[in-house]
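Take a look at the structure below.
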Amino acid sequence: MTILETDDLTKKFGSLVAVDDVSLSVSAGEVRSIIGPNGAGKSTLFDLITGIQQPTSGTITFDGTDVTGMASHEIAQRGMSRSFQITDVFGGLTALENVQVAAQVDDSRRSSMWRDADGLTDVHDTAMGVLEDIGLADRPHQRASDFAYGDRRKLEIGLAVANDPELLLLDEPTAGMGSDDTTATVEMVQRLAEEREFTVMLIEHDLEIVMNVSDRITVLQDGQVIAEGSPTTIQGDSAVQEAYLGGVSA
Ligand SMILES: Nc1ncnc2c1ncn2[C@@H]1O[C@H](COP(=O)(O)OP(=O)(O)OP(=O)(O)O)[C@@H](O)[C@H]1O
Ligand SMILES: [Mg+2]
């Protein structure tokens, strides 16, 4: 089953074509990495898919529905989640409070449940379950801003999964982490995706990790898809090696 499809998706900023005729299809349950050099259009592609920016042309189909032109909160309600930076907004709240807020985000798929008198208990239990899954259940009442950097990034991923997404988009979730934290975090995402049965789209610069965790990889350059396939296929692709890896085999 296809969870996400883009058809001829294009985004222009003036004369710059940041995303250029991108057509891709992501199957439910897969881990799809999007790689490519700086400025290739990876983050802009995520902005289009999540409705943060509107495409110049082309369409986006999510879970069978054409979501092109929808506002980002409408798309989020349909089960698409994107990690966001906790630091500015919720740093003063505890880990538990942060996840509770995220879990309470209006969700049209289950809105009747939250109107129940028991709704708040559900939110608490859901949030504690998320903290357990991300390894922070021992510190639910610690302020988010007091967590070490790597734990804060994990908490951000926790917020993104608290609303039980179908599709989770992560834009460089390990940026600024050391290699141990990077590996642990990506493996955590992979485990969460299996246990909670959601699809992952991942932008990640560490190619070794990308090769390890991805089912399929899409390579962007200058806004265009230049290659797509399994990690083995991508590693052996000469266009990718030339354009992205500078001719050096990964
Ligand atoms: N809001 C904007 N206005 C104008 N140009 C933009 C805007 N956002 C992105 N761009 C340009 O679009 C191109 C693609 O940028 P984007 O951030 O999507 O690349 P990226 O692949 O995510 O790069 P990086 O690996 O550095 O994060 C770049 O040339 C960038 O300068
Ligand atoms: Mg980017």
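Identifiers for the structure tokens are assigned positionally: chains receive A, B, ... in sequence, residues are indexed from 1 per chain, and ligands are indexed from 1 in the order shown.
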
Close residues to ligand 2 using only C-alpha atoms and all ligand atoms, limit 12 Å, as a list in words: Ala18, Ile34, Ile35, Gly36, Pro37, Asn38, Gly39, Ala40, Gly41, Lys42, Ser43, Thr44, Leu45, Phe46, Asp47, Leu170, Asp171, Glu172, Pro173, Ala175, Leu202, Ile203, Glu204, His205, Leu220 and Gly223 of chain A

Just list the residues in segment 126-230 of chain A DSSP gives alpha helix (DSSP H) on the backbone, as a ChimeraX atom specification. /A:126-133,149-161,179-196,207-213

Dump C-alpha atoms for the selected residues as a PDB file, in the first residue's frame?
ATOM      1  CA  THR A 126      -0.172   7.892  26.327  1.00  0.00           C
ATOM      2  CA  ALA A 127       2.518  10.409  27.250  1.00  0.00           C
ATOM      3  CA  MET A 128       4.151   8.094  29.798  1.00  0.00           C
ATOM      4  CA  GLY A 129       4.137   5.317  27.193  1.00  0.00           C
ATOM      5  CA  VAL A 130       5.974   7.592  24.790  1.00  0.00           C
ATOM      6  CA  LEU A 131       8.536   8.553  27.439  1.00  0.00           C
ATOM      7  CA  GLU A 132       9.135   4.863  28.108  1.00  0.00           C
ATOM      8  CA  ASP A 133       9.604   4.186  24.418  1.00  0.00           C
ATOM      9  CA  TYR A 149      21.265  17.876  23.898  1.00  0.00           C
ATOM     10  CA  GLY A 150      20.865  14.288  22.688  1.00  0.00           C
ATOM     11  CA  ASP A 151      17.991  13.603  25.111  1.00  0.00           C
ATOM     12  CA  ARG A 152      16.251  16.803  24.038  1.00  0.00           C
ATOM     13  CA  ARG A 153      16.392  15.677  20.417  1.00  0.00           C
ATOM     14  CA  LYS A 154      14.930  12.318  21.497  1.00  0.00           C
ATOM     15  CA  LEU A 155      12.150  14.168  23.286  1.00  0.00           C
ATOM     16  CA  GLU A 156      11.430  16.070  20.070  1.00  0.00           C
ATOM     17  CA  ILE A 157      10.990  12.747  18.292  1.00  0.00           C
ATOM     18  CA  GLY A 158       8.745  11.680  21.182  1.00  0.00           C
ATOM     19  CA  LEU A 159       6.523  14.705  20.587  1.00  0.00           C
ATOM     20  CA  ALA A 160       6.252  13.786  16.927  1.00  0.00           C
ATOM     21  CA  VAL A 161       5.136  10.209  17.690  1.00  0.00           C
ATOM     22  CA  SER A 179      28.253   9.395  16.608  1.00  0.00           C
ATOM     23  CA  ASP A 180      27.087   7.250  19.557  1.00  0.00           C
ATOM     24  CA  ASP A 181      23.989   9.407  20.080  1.00  0.00           C
ATOM     25  CA  THR A 182      23.402   9.491  16.321  1.00  0.00           C
ATOM     26  CA  THR A 183      23.368   5.717  16.005  1.00  0.00           C
ATOM     27  CA  ALA A 184      21.227   5.272  19.122  1.00  0.00           C
ATOM     28  CA  THR A 185      18.702   7.859  17.961  1.00  0.00           C
ATOM     29  CA  VAL A 186      18.269   6.459  14.460  1.00  0.00           C
ATOM     30  CA  GLU A 187      17.951   2.939  15.853  1.00  0.00           C
ATOM     31  CA  MET A 188      15.324   4.261  18.259  1.00  0.00           C
ATOM     32  CA  VAL A 189      13.366   5.716  15.345  1.00  0.00           C
ATOM     33  CA  GLN A 190      13.579   2.410  13.510  1.00  0.00           C
ATOM     34  CA  ARG A 191      12.334   0.535  16.580  1.00  0.00           C
ATOM     35  CA  LEU A 192       9.473   3.006  17.185  1.00  0.00           C
ATOM     36  CA  ALA A 193       8.431   2.708  13.547  1.00  0.00           C
ATOM     37  CA  GLU A 194       8.192  -1.061  13.833  1.00  0.00           C
ATOM     38  CA  GLU A 195       6.422  -1.116  17.196  1.00  0.00           C
ATOM     39  CA  ARG A 196       4.025   1.740  16.461  1.00  0.00           C
ATOM     40  CA  LEU A 207      25.557   8.001   4.876  1.00  0.00           C
ATOM     41  CA  GLU A 208      26.645   4.977   6.859  1.00  0.00           C
ATOM     42  CA  ILE A 209      23.506   5.272   8.975  1.00  0.00           C
ATOM     43  CA  VAL A 210      21.369   5.903   5.908  1.00  0.00           C
ATOM     44  CA  MET A 211      22.695   2.742   4.275  1.00  0.00           C
ATOM     45  CA  ASN A 212      21.979   0.770   7.465  1.00  0.00           C
ATOM     46  CA  VAL A 213      18.425   1.836   8.255  1.00  0.00           C
TER      47      VAL A 213
END

Would you please give, as number ranges by chain, all residues of segment 15-127 of chain A that DSSP assigns to strand (DSSP E) based on the backbone? A: 16-27, 31-35, 57-62, 65-66, 80-82

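Taking only C-alpha atoms and all ligand atoms into account, ligand 1 lies nearest to A:Gln53 out of the set A:Gln241, A:Gln53, A:Thr232, A:Thr174.
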
Top pick for closest residue to ligand 1, considering A:Thr199, A:Gln54, A:Asn98, A:Ser23 and counting only C-alpha atoms and all ligand atoms: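 So, comparing all the options, the nearest one is A:Gln54.
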
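Taking atom CA of Val31 of chain A as the reference point, atom CA of Met201 of chain A is found at 6.0 Å.
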
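Among the candidates A:Leu169, A:Val26, A:Ala144, A:Leu16, the one nearest to Thr50 of chain A when counting only C-alpha atoms is A:Leu169.
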
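Separating atom CA of Pro231 of chain A from atom 15 (O, counted along the ligand's line) of ligand 1 is a distance of 23.7 Å.
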
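Of the residues under consideration (A:Thr218, A:Ser230, A:Gln224, A:Thr6), A:Thr6 shows the shortest atom-to-atom contact distance to Asp66 of chain A when counting only C-alpha atoms.
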
Residue among A:Ser214, A:Ser33, A:Thr61, A:Gln221 lying closest to ligand 1, counting only C-alpha atoms and all ligand atoms: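 Going through A:Ser214, A:Ser33, A:Thr61, A:Gln221 one by one, the smallest distance to ligand 1 is for A:Gln221.
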
Would you mind listing what lies within 9 Å of Val17 of chain A as a list in words, with only C-alpha atoms counted and same-chain residues fewer than 3 positions away left out? Thr10, Lys11, Lys12, Phe13, Gly14, Asp20, Gly41, Asp222 and Gly223 of chain A

Report the distance between atom 2 (C, counted along the ligand's line) of ligand 1 and atom CA of Val105 of chain A in Å, rounded to one decimal place. 27.8 Å

For ligand 1, which residue among A:Ser25, A:Thr121, A:Asn163, A:Ser15 is the nearest when counting only C-alpha atoms and all ligand atoms?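 That would be A:Ser15, the residue with the smallest distance to ligand 1.
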